[in-house]
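Text of coords.cif (mmCIF, C-alpha atoms) as supplied:
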data_structure
#
loop_
_atom_site.label_atom_id
_atom_site.label_comp_id
_atom_site.auth_asym_id
_atom_site.auth_seq_id
_atom_site.Cartn_x
_atom_site.Cartn_y
_atom_site.Cartn_z
CA VAL A 1 79.57 90.27 48.49
CA LYS A 2 79.19 90.93 52.19
CA LEU A 3 81.58 93.28 53.95
CA THR A 4 82.67 93.33 57.55
CA LEU A 5 84.46 96.28 59.07
CA ALA A 6 86.19 94.74 62.06
CA SER A 7 88.17 96.43 64.72
CA ILE A 8 90.41 95.12 67.46
CA THR A 9 89.74 97.05 70.64
CA PRO A 10 90.77 95.45 73.91
CA HIS A 11 88.51 97.77 75.87
CA ALA A 12 85.08 98.17 74.35
CA ARG A 13 84.14 101.80 74.57
CA PRO A 14 82.11 104.17 72.47
CA ALA A 15 84.47 105.75 70.00
CA ARG A 16 84.58 109.34 68.91
CA TYR A 17 83.87 108.65 65.25
CA ASP A 18 81.23 105.95 65.68
CA PRO A 19 78.41 108.16 64.34
CA VAL A 20 80.40 109.07 61.23
CA VAL A 21 81.46 105.48 60.60
CA ALA A 22 77.82 104.43 61.03
CA ASP A 23 76.85 107.04 58.47
CA TYR A 24 79.34 105.70 55.91
CA VAL A 25 78.13 102.18 56.63
CA THR A 26 74.57 103.31 55.87
CA ARG A 27 75.73 104.87 52.64
CA ILE A 28 77.54 101.65 51.62
CA GLN A 29 74.43 99.47 52.17
CA PRO A 30 72.84 100.19 48.77
CA TYR A 31 75.98 98.78 47.16
CA ALA A 32 76.74 95.86 49.46
CA PRO A 33 75.61 94.53 52.82
CA VAL A 34 78.07 95.68 55.44
CA GLU A 35 78.39 95.23 59.17
CA THR A 36 80.77 96.48 61.82
CA SER A 37 82.11 94.34 64.59
CA SER A 38 84.74 94.59 67.24
CA TYR A 39 86.94 91.98 68.86
CA ARG A 40 89.02 92.02 71.99
CA SER A 41 92.04 90.56 70.25
CA ALA A 42 93.28 89.50 66.85
CA ASP A 43 92.95 85.88 67.97
CA ALA A 44 89.27 86.46 68.76
CA LEU A 45 88.78 87.85 65.25
CA PHE A 46 90.42 84.90 63.53
CA GLU A 47 88.61 82.42 65.73
CA SER A 48 85.29 84.00 64.88
CA LEU A 49 86.12 83.92 61.17
CA GLY A 50 87.08 80.27 61.40
CA ARG A 51 83.73 79.43 63.01
CA SER A 52 81.49 81.49 60.77
CA THR A 53 82.96 80.34 57.50
CA GLY A 54 82.03 76.81 58.39
CA ARG A 55 82.51 73.71 56.38
CA SER A 56 79.48 73.91 54.17
CA ALA A 57 80.09 73.22 50.52
CA GLY A 58 80.08 75.99 47.97
CA ARG A 59 81.21 78.70 50.33
CA THR A 60 84.35 80.57 49.50
CA PRO A 61 86.55 81.42 52.46
CA PRO A 62 86.43 85.05 53.58
CA VAL A 63 89.04 87.41 52.25
CA ILE A 64 90.83 89.00 55.17
CA ILE A 65 92.32 92.44 54.65
CA LEU A 66 94.40 93.78 57.50
CA LEU A 67 95.19 97.47 57.77
CA ASP A 68 98.90 97.61 58.27
CA GLY A 69 101.48 100.34 57.92
CA ARG A 70 103.77 97.84 56.21
CA GLY A 71 101.05 96.95 53.71
CA ARG A 72 100.42 97.97 50.12
CA ARG A 73 99.44 101.54 49.49
CA LEU A 74 96.49 101.63 47.18
CA SER A 75 94.88 104.68 45.68
CA SER A 76 91.12 104.99 46.05
CA GLU A 77 90.78 103.78 42.44
CA ASP A 78 93.07 100.80 43.14
CA LEU A 79 90.94 99.82 46.13
CA ALA A 80 87.81 100.02 43.99
CA ARG A 81 89.41 97.79 41.34
CA TYR A 82 90.51 95.32 43.99
CA LEU A 83 86.97 95.11 45.41
CA ARG A 84 85.58 94.56 41.91
CA ARG A 85 88.07 91.77 41.31
CA LEU A 86 87.01 90.03 44.52
CA GLN A 87 83.36 90.37 43.49
CA ASP A 88 84.18 88.99 40.03
CA GLU A 89 85.93 86.03 41.67
CA GLY A 90 82.69 85.25 43.48
CA ARG A 91 84.03 85.99 46.94
CA GLN A 92 81.15 86.06 49.39
CA ARG A 93 82.70 87.79 52.33
CA ILE A 94 85.39 90.40 52.72
CA VAL A 95 86.64 91.35 56.17
CA PHE A 96 88.58 94.56 56.66
CA ALA A 97 90.25 94.71 60.05
CA VAL A 98 91.83 97.66 61.83
CA GLY A 99 94.44 96.27 64.11
CA PRO A 100 95.34 96.55 67.74
CA ALA A 101 97.41 99.55 68.86
CA ASP A 102 100.56 97.44 69.02
CA GLY A 103 100.05 96.11 65.51
CA TRP A 104 99.54 92.70 63.96
CA THR A 105 101.83 89.78 64.66
CA ASP A 106 103.58 88.01 61.80
CA ALA A 107 101.23 85.07 62.41
CA ASP A 108 98.27 87.42 61.83
CA ARG A 109 99.84 88.79 58.68
CA VAL A 110 100.23 85.45 56.97
CA ARG A 111 96.49 84.85 57.32
CA ALA A 112 95.66 87.99 55.41
CA GLY A 113 94.68 88.09 51.75
CA LEU A 114 95.98 91.62 51.64
CA LEU A 115 97.89 93.95 53.94
CA LEU A 116 96.56 97.41 53.18
CA SER A 117 98.28 100.65 54.13
CA LEU A 118 96.36 103.93 54.16
CA GLY A 119 99.57 105.87 53.58
CA PRO A 120 102.93 106.65 55.13
CA MET A 121 101.50 108.53 58.11
CA THR A 122 100.69 106.77 61.35
CA LEU A 123 97.03 107.25 62.25
CA PRO A 124 95.33 106.50 65.55
CA HIS A 125 93.21 103.35 65.43
CA GLU A 126 89.90 105.19 65.43
CA LEU A 127 90.93 107.61 62.72
CA ALA A 128 92.17 104.74 60.53
CA ARG A 129 88.77 103.10 60.96
CA LEU A 130 87.05 106.30 59.93
CA VAL A 131 89.27 106.73 56.86
CA LEU A 132 88.71 103.08 55.90
CA SER A 133 84.93 103.42 56.10
CA GLU A 134 85.06 106.52 53.91
CA GLN A 135 87.34 104.77 51.41
CA LEU A 136 85.00 101.78 51.18
CA TYR A 137 82.07 104.08 50.46
CA ARG A 138 84.21 105.92 47.94
CA ALA A 139 85.25 102.65 46.27
CA PHE A 140 81.65 101.62 45.67
CA THR A 141 80.77 105.04 44.27
CA ILE A 142 83.76 104.75 41.92
CA LEU A 143 82.57 101.33 40.71
CA ALA A 144 79.03 102.66 40.29
CA GLY A 145 80.10 105.80 38.44
CA HIS A 146 78.50 107.90 41.20
CA PRO A 147 79.84 111.47 41.23
CA TYR A 148 80.93 111.41 44.91
CA HIS A 149 84.55 110.62 44.08
CA ARG A 150 84.91 113.30 41.44
CA ALA A 151 83.34 115.92 43.69
CA GLY A 152 86.64 116.03 45.57
CA VAL B 1 107.00 129.29 65.32
CA LYS B 2 103.35 130.10 64.79
CA LEU B 3 101.14 127.68 62.89
CA THR B 4 98.05 128.36 60.87
CA LEU B 5 95.71 125.60 59.78
CA ALA B 6 93.91 127.18 56.85
CA SER B 7 91.09 125.76 54.85
CA ILE B 8 89.50 126.84 51.60
CA THR B 9 85.75 126.51 51.89
CA PRO B 10 83.60 128.51 49.50
CA HIS B 11 80.55 128.09 51.72
CA ALA B 12 81.28 128.68 55.37
CA ARG B 13 79.43 126.08 57.35
CA PRO B 14 80.04 124.25 60.58
CA ALA B 15 81.95 121.12 59.70
CA ARG B 16 81.45 117.68 61.11
CA TYR B 17 84.92 117.37 62.57
CA ASP B 18 85.28 120.91 63.93
CA PRO B 19 85.17 119.77 67.58
CA VAL B 20 87.87 117.16 67.00
CA VAL B 21 90.08 119.55 65.05
CA ALA B 22 89.60 122.10 67.86
CA ASP B 23 90.67 119.46 70.33
CA TYR B 24 93.89 118.72 68.42
CA VAL B 25 94.54 122.45 68.14
CA THR B 26 94.24 122.74 71.92
CA ARG B 27 96.66 119.86 72.34
CA ILE B 28 99.16 121.52 69.96
CA GLN B 29 99.12 124.83 71.87
CA PRO B 30 101.66 123.77 74.54
CA TYR B 31 104.14 123.14 71.73
CA ALA B 32 103.41 126.05 69.41
CA PRO B 33 100.79 128.75 69.00
CA VAL B 34 98.31 127.60 66.39
CA GLU B 35 95.18 129.07 64.87
CA THR B 36 92.62 127.87 62.36
CA SER B 37 91.21 130.04 59.63
CA SER B 38 89.09 129.58 56.57
CA TYR B 39 89.05 131.39 53.27
CA ARG B 40 86.50 131.53 50.49
CA SER B 41 89.12 130.94 47.82
CA ALA B 42 92.80 130.21 47.35
CA ASP B 43 93.21 133.80 46.13
CA ALA B 44 91.75 135.08 49.39
CA LEU B 45 94.26 132.97 51.32
CA PHE B 46 97.26 134.23 49.37
CA GLU B 47 96.05 137.82 49.53
CA SER B 48 95.69 137.58 53.30
CA LEU B 49 99.18 136.09 53.62
CA GLY B 50 100.61 138.88 51.47
CA ARG B 51 99.05 141.50 53.75
CA SER B 52 99.90 139.94 57.07
CA THR B 53 103.53 139.24 56.32
CA GLY B 54 104.04 142.92 55.77
CA ARG B 55 107.17 144.72 54.87
CA SER B 56 108.68 145.06 58.30
CA ALA B 57 112.34 144.22 58.58
CA GLY B 58 113.49 141.04 60.26
CA ARG B 59 110.40 139.02 59.48
CA THR B 60 110.81 135.84 57.52
CA PRO B 61 108.12 135.16 54.96
CA PRO B 62 105.58 132.51 55.95
CA VAL B 63 106.17 128.99 54.76
CA ILE B 64 103.13 127.86 52.82
CA ILE B 65 102.38 124.15 52.77
CA LEU B 66 99.56 123.08 50.50
CA LEU B 67 97.90 119.71 50.93
CA ASP B 68 97.92 118.21 47.48
CA GLY B 69 97.46 114.68 46.17
CA ARG B 70 100.37 115.31 43.81
CA GLY B 71 102.60 116.38 46.68
CA ARG B 72 105.30 114.62 48.63
CA ARG B 73 104.25 111.80 50.87
CA LEU B 74 105.87 112.18 54.24
CA SER B 75 105.71 109.78 57.11
CA SER B 76 104.74 111.20 60.50
CA GLU B 77 108.42 111.19 61.45
CA ASP B 78 109.36 113.00 58.23
CA LEU B 79 106.77 115.68 58.94
CA ALA B 80 108.18 116.11 62.44
CA ARG B 81 111.71 116.48 61.05
CA TYR B 82 110.50 118.99 58.46
CA LEU B 83 108.83 121.10 61.17
CA ARG B 84 111.99 121.01 63.26
CA ARG B 85 114.05 122.15 60.29
CA LEU B 86 111.75 125.11 59.74
CA GLN B 87 112.00 126.01 63.41
CA ASP B 88 115.80 125.71 63.25
CA GLU B 89 115.81 128.01 60.23
CA GLY B 90 114.05 130.62 62.35
CA ARG B 91 110.82 130.58 60.39
CA GLN B 92 108.17 132.52 62.25
CA ARG B 93 105.03 131.36 60.56
CA ILE B 94 103.98 128.13 58.89
CA VAL B 95 100.67 127.94 57.07
CA PHE B 96 99.16 124.56 56.23
CA ALA B 97 96.30 124.86 53.78
CA VAL B 98 93.71 122.27 52.81
CA GLY B 99 92.60 123.08 49.32
CA PRO B 100 89.34 123.66 47.55
CA ALA B 101 87.40 120.62 46.35
CA ASP B 102 88.58 121.14 42.78
CA GLY B 103 92.21 121.35 43.83
CA TRP B 104 94.92 123.94 43.62
CA THR B 105 95.85 125.71 40.44
CA ASP B 106 99.39 125.55 39.10
CA ALA B 107 99.72 129.21 40.07
CA ASP B 108 98.84 128.27 43.66
CA ARG B 109 101.33 125.42 43.63
CA VAL B 110 104.33 127.55 42.68
CA ARG B 111 103.71 129.74 45.74
CA ALA B 112 104.02 126.79 48.08
CA GLY B 113 107.13 125.93 50.07
CA LEU B 114 105.95 122.34 50.09
CA LEU B 115 103.20 120.33 48.48
CA LEU B 116 102.25 117.69 51.02
CA SER B 117 100.29 114.54 50.26
CA LEU B 118 98.64 112.58 53.05
CA GLY B 119 98.80 109.41 50.97
CA PRO B 120 97.55 107.85 47.75
CA MET B 121 93.90 107.82 48.78
CA THR B 122 91.62 110.71 47.98
CA LEU B 123 90.09 112.11 51.16
CA PRO B 124 87.19 114.53 51.48
CA HIS B 125 88.30 118.05 52.36
CA GLU B 126 87.05 117.87 55.95
CA LEU B 127 88.63 114.50 56.61
CA ALA B 128 91.97 115.71 55.20
CA ARG B 129 91.78 118.66 57.59
CA LEU B 130 91.13 116.31 60.51
CA VAL B 131 94.03 114.02 59.55
CA LEU B 132 96.32 117.03 59.14
CA SER B 133 95.46 118.38 62.58
CA GLU B 134 96.15 114.98 64.11
CA GLN B 135 99.46 114.72 62.25
CA LEU B 136 100.57 118.15 63.43
CA TYR B 137 99.84 117.18 67.01
CA ARG B 138 101.65 113.89 66.44
CA ALA B 139 104.66 115.70 64.92
CA PHE B 140 105.10 117.87 68.00
CA THR B 141 104.83 114.89 70.32
CA ILE B 142 107.49 113.13 68.24
CA LEU B 143 109.81 116.13 68.55
CA ALA B 144 109.13 116.32 72.28
CA GLY B 145 109.64 112.60 72.89
CA HIS B 146 106.07 112.40 74.21
CA PRO B 147 104.76 108.80 74.16
CA TYR B 148 101.63 109.61 72.08
CA HIS B 149 103.21 108.52 68.81
CA ARG B 150 104.53 105.23 70.14
CA ALA B 151 101.21 104.37 71.74
CA GLY B 152 99.96 103.49 68.27
#
Would you mind writing the structure in this file as structure tokens?
Amino acid sequence: VKLTLASITPHARPARYDPVVADYVTRIQPYAPVETSSYRSADALFESLGRSTGRSAGRTPPVIILLDGRGRRLSSEDLARYLRRLQDEGRQRIVFAVGPADGWTDADRVRAGLLLSLGPMTLPHELARLVLSEQLYRAFTILAGHPYHRAG
Amino acid sequence: VKLTLASITPHARPARYDPVVADYVTRIQPYAPVETSSYRSADALFESLGRSTGRSAGRTPPVIILLDGRGRRLSSEDLARYLRRLQDEGRQRIVFAVGPADGWTDADRVRAGLLLSLGPMTLPHELARLVLSEQLYRAFTILAGHPYHRAG
């Protein structure tokens, strides 16, 4: 399964946590191919997904997971189980997207396979992206029985 | 009210997010005096608190808030309200402590005024400390009506 860590940032600019996110992405690679990408708007994200998933036979549509304060709160173990289920279902692409500062529209939300909340606290966009990248790494270590998760 | 952002780190070492935490601490200062400190063990933290709170009359004991996955999950607004309540009660010192990797003991927990959970996901110690510092800054901006929180 191929992962995309997408972010909606109207003004492209180097972000504070980019090096740390890049580090987590590197650590995820042994478990699954992963890429980061950024889009100027939610529409640009969905348009890009529509193009890239194409019409070729045998391809499953991408699973779109939007980070959303109104979403489901999963524990790290729950997220790991969810990723395993998607893998077991033969999903080929999973896109996690950290939304624009003013949030997703209802039209965006209905396109999502899952609305995922990181918890009850409101985090800045960049910090949510950092936490998400760490949680994805953690999820794969949980599935692999790697001691990272238990190390606290 | 004076805030302390304490962290239990058996091996003192410069941490990845120190500059960002320092930046949030600087941004909190206009609202409340705040300091960071680190301790080699939970015992060392509690011993230090016992000493510093002294026996002088008229001093309220510090409020100890331990970050704990089993704790209460507050929204950013809830945390702001909680801080305001402590201020209104005339509390002079509030200590937030991010625990050791293997967690707090039950003996530690009973000494806490509040066990605070940042959410259902397990975060690494350093990332929890970063999120906490951001949430404290956010809480003060909420209480002050500063637009930071609404800006997403």
Test item: the PyMOL selection byres ((chain B) within 7 of (chain A)) resolved as a ChimeraX atom specification: /B:73-76,101-102,118-122,124,151-152
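The gap separating CA of Ile28 (chain B) from CA of Tyr137 (chain B) is 5.3 Å, in Å to one decimal.
Selection by the PyMOL selection byres ((chain A and resi 84) around 12) on the present file picks out Val1, Tyr31, Ala32, Glu77, Asp78, Leu79, Ala80, Arg81, Tyr82, Leu83, Arg85, Leu86, Gln87, Asp88, Glu89, Gly90, Arg91, Ile94, Leu136, Ala139, Phe140, Thr141, Ile142, Leu143 and Ala144 of chain A.
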One-decimal distance in Å that lies between CA of Val63 (chain A) and CA of Pro147 (chain A): 28.0 Å
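Distances here use only C-alpha atoms; by that measure, the residue among B:Ala12, B:Ala97, B:Ile65, B:Leu3 closest to Glu35 (chain B) is B:Leu3.
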Return region 59-79 of chain B, completed with N, CA, C and O atoms, as a JSON list (two decimals), in the coordinates of the input.
[["chain", "number", "residue", "atom", "x", "y", "z"],
["B", 59, "ARG", "N", 111.41, 140.08, 59.49],
["B", 59, "ARG", "CA", 110.40, 139.02, 59.48],
["B", 59, "ARG", "C", 110.65, 138.09, 58.32],
["B", 59, "ARG", "O", 110.81, 138.53, 57.19],
["B", 60, "THR", "N", 110.67, 136.81, 58.62],
["B", 60, "THR", "CA", 110.81, 135.84, 57.52],
["B", 60, "THR", "C", 109.44, 135.65, 56.88],
["B", 60, "THR", "O", 108.42, 135.74, 57.56],
["B", 61, "PRO", "N", 109.41, 135.40, 55.60],
["B", 61, "PRO", "CA", 108.12, 135.16, 54.96],
["B", 61, "PRO", "C", 107.51, 133.86, 55.47],
["B", 61, "PRO", "O", 108.24, 132.97, 55.91],
["B", 62, "PRO", "N", 106.18, 133.76, 55.47],
["B", 62, "PRO", "CA", 105.58, 132.51, 55.95],
["B", 62, "PRO", "C", 105.90, 131.37, 55.00],
["B", 62, "PRO", "O", 106.07, 131.57, 53.81],
["B", 63, "VAL", "N", 106.01, 130.20, 55.58],
["B", 63, "VAL", "CA", 106.17, 128.99, 54.76],
["B", 63, "VAL", "C", 104.77, 128.46, 54.48],
["B", 63, "VAL", "O", 103.99, 128.24, 55.41],
["B", 64, "ILE", "N", 104.46, 128.30, 53.21],
["B", 64, "ILE", "CA", 103.13, 127.86, 52.82],
["B", 64, "ILE", "C", 103.18, 126.40, 52.38],
["B", 64, "ILE", "O", 103.94, 126.04, 51.49],
["B", 65, "ILE", "N", 102.41, 125.58, 53.06],
["B", 65, "ILE", "CA", 102.38, 124.15, 52.77],
["B", 65, "ILE", "C", 100.98, 123.80, 52.30],
["B", 65, "ILE", "O", 100.01, 123.94, 53.07],
["B", 66, "LEU", "N", 100.88, 123.40, 51.05],
["B", 66, "LEU", "CA", 99.56, 123.08, 50.50],
["B", 66, "LEU", "C", 99.36, 121.57, 50.50],
["B", 66, "LEU", "O", 100.21, 120.83, 50.01],
["B", 67, "LEU", "N", 98.23, 121.13, 51.03],
["B", 67, "LEU", "CA", 97.90, 119.71, 50.93],
["B", 67, "LEU", "C", 97.46, 119.41, 49.51],
["B", 67, "LEU", "O", 96.54, 120.05, 48.97],
["B", 68, "ASP", "N", 98.11, 118.42, 48.91],
["B", 68, "ASP", "CA", 97.92, 118.21, 47.48],
["B", 68, "ASP", "C", 98.22, 116.74, 47.17],
["B", 68, "ASP", "O", 99.30, 116.24, 47.51],
["B", 69, "GLY", "N", 97.28, 116.09, 46.52],
["B", 69, "GLY", "CA", 97.46, 114.68, 46.17],
["B", 69, "GLY", "C", 98.71, 114.43, 45.34],
["B", 69, "GLY", "O", 99.27, 113.33, 45.34],
["B", 70, "ARG", "N", 99.17, 115.48, 44.62],
["B", 70, "ARG", "CA", 100.37, 115.31, 43.81],
["B", 70, "ARG", "C", 101.64, 115.60, 44.60],
["B", 70, "ARG", "O", 102.75, 115.58, 44.06],
["B", 71, "GLY", "N", 101.47, 115.93, 45.88],
["B", 71, "GLY", "CA", 102.60, 116.38, 46.68],
["B", 71, "GLY", "C", 103.47, 115.25, 47.19],
["B", 71, "GLY", "O", 103.30, 114.08, 46.83],
["B", 72, "ARG", "N", 104.41, 115.62, 48.04],
["B", 72, "ARG", "CA", 105.30, 114.62, 48.63],
["B", 72, "ARG", "C", 104.59, 113.88, 49.74],
["B", 72, "ARG", "O", 103.87, 114.47, 50.55],
["B", 73, "ARG", "N", 104.82, 112.60, 49.80],
["B", 73, "ARG", "CA", 104.25, 111.80, 50.87],
["B", 73, "ARG", "C", 105.27, 111.66, 51.98],
["B", 73, "ARG", "O", 106.31, 111.03, 51.79],
["B", 74, "LEU", "N", 104.97, 112.25, 53.10],
["B", 74, "LEU", "CA", 105.87, 112.18, 54.24],
["B", 74, "LEU", "C", 105.29, 111.23, 55.27],
["B", 74, "LEU", "O", 104.08, 111.18, 55.47],
["B", 75, "SER", "N", 106.16, 110.52, 55.94],
["B", 75, "SER", "CA", 105.71, 109.78, 57.11],
["B", 75, "SER", "C", 105.52, 110.78, 58.25],
["B", 75, "SER", "O", 105.93, 111.94, 58.16],
["B", 76, "SER", "N", 104.92, 110.32, 59.34],
["B", 76, "SER", "CA", 104.74, 111.20, 60.50],
["B", 76, "SER", "C", 106.09, 111.69, 61.01],
["B", 76, "SER", "O", 106.23, 112.85, 61.41],
["B", 77, "GLU", "N", 107.09, 110.81, 60.99],
["B", 77, "GLU", "CA", 108.42, 111.19, 61.45],
["B", 77, "GLU", "C", 109.04, 112.22, 60.50],
["B", 77, "GLU", "O", 109.71, 113.15, 60.95],
["B", 78, "ASP", "N", 108.85, 112.03, 59.20],
["B", 78, "ASP", "CA", 109.36, 113.00, 58.23],
["B", 78, "ASP", "C", 108.74, 114.38, 58.45],
["B", 78, "ASP", "O", 109.42, 115.40, 58.36],
["B", 79, "LEU", "N", 107.44, 114.39, 58.72],
["B", 79, "LEU", "CA", 106.77, 115.68, 58.94],
["B", 79, "LEU", "C", 107.35, 116.36, 60.18],
["B", 79, "LEU", "O", 107.59, 117.57, 60.19]]
